[in-house]
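Trainee: The structure under discussion is supplied below as structure tokens; questions concerning it will follow.
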There are 2 protein chains.
Amino acid sequence: MRFTDEQHLDGDVRERGFTLGEIPGILWTPTSTPAPLILLGHPGGLGKMYPRLAARARQAATAGYATATIELPGSGDRPRSATAERARADLHRALADGQPVGEIVERLVLPLVETAVPEWRATLDALLELPEIGGPVGYSGGVLAIGTRLAAVEPRISAAALFAGSFVPQSTFEEARRVTIPLLVLLQWDDEGNDRQQALELFDAFGSKEKTLHANMGGHTGVPRFEGDDVNRFFARHLK
Amino acid sequence: MRFTDEQHLDGDVRERGFTLGEIPGILWTPTSTPAPLILLGHPGGLGKMYPRLAARARQAATAGYATATIELPGSGDRPRSATAERARADLHRALADGQPVGEIVERLVLPLVETAVPEWRATLDALLELPEIGGPVGYSGGVLAIGTRLAAVEPRISAAALFAGSFVPQSTFEEARRVTIPLLVLLQWDDEGNDRQQALELFDAFGSKEKTLHANMGGHTGVPRFEGDDVNRFFARHLK
């Protein structure tokens, strides 16, 4: 892990860009360290997502958490995958035409999960070696299939707040049954580009004894601000 | 409204029993008055429900709210209705046998709503004349069909936290579409005596632009303690 730049945000949050091999990422740390860590998931495109990620990082820092994120494979400045680009175009076309998307989701999301999850785990290895980062670790955000796989396979993640805002391949349901950590699942009820029924079935499938679903209105990008506080309170209960 | 007894609970909460005509009720007020008011709905049987109601009243008083509840028609010390008792027995039998319950729910819940809603509104008239009670007013708890009708027809109720833990008649869906106040709907995901799908469809039907669903595990009576805090925060946002 190599730090590439540094700045300070309002509220005394230290923001550092980094690269891990070819993967760019950002680490935010609060004043008081070592801090527990929340990994911030997102749909890809760090530049475009930056304002929302930085807002979440600031909100988390206020509650004492360090946060970190990395670019997804094939997004932002990372090399594109022709197969993924084709699948993404097919998905948009199928959704616009009201066609079934299951087979396209398998082609688009499964390879993404296969690549992204080991990258997140390698990032976690590197972050946990920094003196500013203590345990425990949470995961917060999307992509739903990535967050679910991480929650199922990465024992250092103690709790996850998953954004149910993207399609998942069938195998995610089997992985969900193996998840046992506490979960908060956020669903935008009127998210027109999402499959609400699939999200509810996935919530049902999670093996966790303590799981909570929060559904709100406001469309895909309209998660109410108070949910940020709820996510912080969820982590305050579970990242001790 | 006639007060019948008075005691003080831990945390400086004043508890007074009252009767409104034939209807027994309880009013809890915090130290600082006039206070905003939350009406506490419940499934009937004030004696049996008292510990949980008093706990909710104490939690609400800590946040500055007065709370009040009344006995449901046909419950506790109020006269039984032979028709309702027969419908309740039919419902339990149908549920145990895995039979459809729609027609029984109409027989059981509709008359309850027809009687209980005017009683709640008369109680509200009386409570709002007390110097300890200011506005605004919220409704919190069950019975789902009663809370929905109240939210639809009683303009003095500004926000409602509804417990989706009971069957509703078909007409409740039409009433839900007319509801426009902010809602927090609590659903116990693994409540075996409830119809989860019906609860999700009712959440979908509510006309409110701001509506939030919180689903948790723990069975019908296992609403997590942190949801009490969430309910208080919900009312803090909307009862100004």
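All residue names refer to the structure tokens as shown: chains lettered A, B, ... in order, residues numbered from 1 in each chain, ligands numbered from 1 in order.
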Show me which bits of chain B are within 6 Å of chain A, counting only C-alpha atoms, as number ranges by chain.

Mentor: B: 212-216

Trainee: Residues at most 12 Å from Lys48 in chain B, counting only C-alpha atoms, excluding those fewer than 6 positions away in the same chain, as a ChimeraX atom specification?

Mentor: /B:42,54,71,75-77

Trainee: Find the spatial neighbours of range 79-82 of chain B, counting only C-alpha atoms, within a cut-off of 12 Å - ignore same-chain residues fewer than 5 positions away - and output them as a PyMOL selection string.

Mentor: chain B and resi 22-24+44-45+71-74+87-89+107-108+111-112+115

Trainee: From the list B:Ile157, B:Leu91, B:Val109, B:Leu46, which residue is nearest Phe235 in chain B when using only C-alpha atoms?

Mentor: B:Ile157

Trainee: Determine which residues of range 61-228 of chain A receive a DSSP assignment of helix (DSSP H, G or I), computed from the backbone, and state them as a VMD selection string.

Mentor: chain A and resid 61 to 62 82 to 96 102 to 127 144 to 153 171 to 178 196 to 205 225 to 228

Trainee: Using DSSP on the backbone, list every residue of range 141-231 of chain B that comes out as strand (DSSP E or B), and give them as a PyMOL selection string.

Mentor: chain B and resi 141+157-163+183-188+211-216

Trainee: Would you save the residues of that selection, restricted to C-alpha atoms, as a PDB file, in the first residue's frame?

Mentor:
```
ATOM      1  CA  GLY B 141     -48.031   0.479  18.044  1.00  0.00           C
ATOM      2  CA  ILE B 157     -52.192  12.783  14.255  1.00  0.00           C
ATOM      3  CA  SER B 158     -49.010  14.082  12.600  1.00  0.00           C
ATOM      4  CA  ALA B 159     -46.922  10.904  12.402  1.00  0.00           C
ATOM      5  CA  ALA B 160     -47.401   7.212  13.162  1.00  0.00           C
ATOM      6  CA  ALA B 161     -45.137   4.303  14.062  1.00  0.00           C
ATOM      7  CA  LEU B 162     -47.276   1.288  13.204  1.00  0.00           C
ATOM      8  CA  PHE B 163     -46.591  -2.248  14.410  1.00  0.00           C
ATOM      9  CA  LEU B 183     -44.830   6.577   8.815  1.00  0.00           C
ATOM     10  CA  LEU B 184     -42.457   4.164  10.465  1.00  0.00           C
ATOM     11  CA  VAL B 185     -43.736   0.594  10.045  1.00  0.00           C
ATOM     12  CA  LEU B 186     -42.260  -2.086  12.324  1.00  0.00           C
ATOM     13  CA  LEU B 187     -42.458  -5.687  11.116  1.00  0.00           C
ATOM     14  CA  GLN B 188     -41.227  -8.785  12.911  1.00  0.00           C
ATOM     15  CA  LYS B 211     -42.460   6.010   4.906  1.00  0.00           C
ATOM     16  CA  THR B 212     -39.872   3.695   6.419  1.00  0.00           C
ATOM     17  CA  LEU B 213     -40.092  -0.032   7.081  1.00  0.00           C
ATOM     18  CA  HIS B 214     -38.010  -1.630   9.849  1.00  0.00           C
ATOM     19  CA  ALA B 215     -38.027  -5.427   9.835  1.00  0.00           C
ATOM     20  CA  ASN B 216     -36.340  -7.449  12.568  1.00  0.00           C
TER      21      ASN B 216
END
```

Trainee: What's the 8 Å shell around range 175-180 of chain A, counting only C-alpha atoms, without same-chain residues fewer than 3 positions away, as a CSV table (one decimal) with N, CA and C atoms, in the first residue's frame?

Mentor:
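Resulting contents of part_18.csv:
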```
chain,number,residue,atom,x,y,z
A,148,THR,N,-22.2,-9.4,0.3
A,148,THR,CA,-22.7,-10.7,0.9
A,148,THR,C,-21.5,-11.7,0.9
A,149,ARG,N,-20.8,-11.8,-0.3
A,149,ARG,CA,-19.6,-12.7,-0.3
A,149,ARG,C,-18.6,-12.4,0.8
A,151,ALA,N,-19.1,-10.8,3.6
A,151,ALA,CA,-19.7,-11.2,4.9
A,151,ALA,C,-19.6,-12.7,5.2
A,152,ALA,N,-19.7,-13.4,4.1
A,152,ALA,CA,-19.7,-14.9,4.2
A,152,ALA,C,-18.3,-15.5,4.4
A,171,SER,N,-26.1,-17.6,-7.0
A,171,SER,CA,-25.1,-18.1,-6.0
A,171,SER,C,-25.1,-17.2,-4.7
A,172,THR,N,-25.5,-15.9,-4.8
A,172,THR,CA,-25.5,-15.1,-3.7
A,172,THR,C,-26.4,-15.6,-2.6
A,202,LEU,N,-33.5,-12.1,-0.6
A,202,LEU,CA,-32.2,-12.2,-0.1
A,202,LEU,C,-32.1,-11.9,1.4
A,205,ALA,N,-33.0,-14.8,3.2
A,205,ALA,CA,-32.1,-15.9,3.1
A,205,ALA,C,-30.9,-15.8,4.1
A,206,PHE,N,-30.6,-14.6,4.5
A,206,PHE,CA,-29.4,-14.4,5.3
A,206,PHE,C,-29.5,-15.2,6.6
A,207,GLY,N,-28.4,-15.9,7.0
A,207,GLY,CA,-28.5,-16.8,8.1
A,207,GLY,C,-28.3,-16.1,9.4
A,208,SER,N,-28.0,-14.8,9.4
A,208,SER,CA,-27.8,-14.1,10.7
A,208,SER,C,-29.0,-14.1,11.6
A,209,LYS,N,-28.8,-14.3,12.9
A,209,LYS,CA,-29.8,-14.3,13.9
A,209,LYS,C,-30.3,-12.8,14.1
```
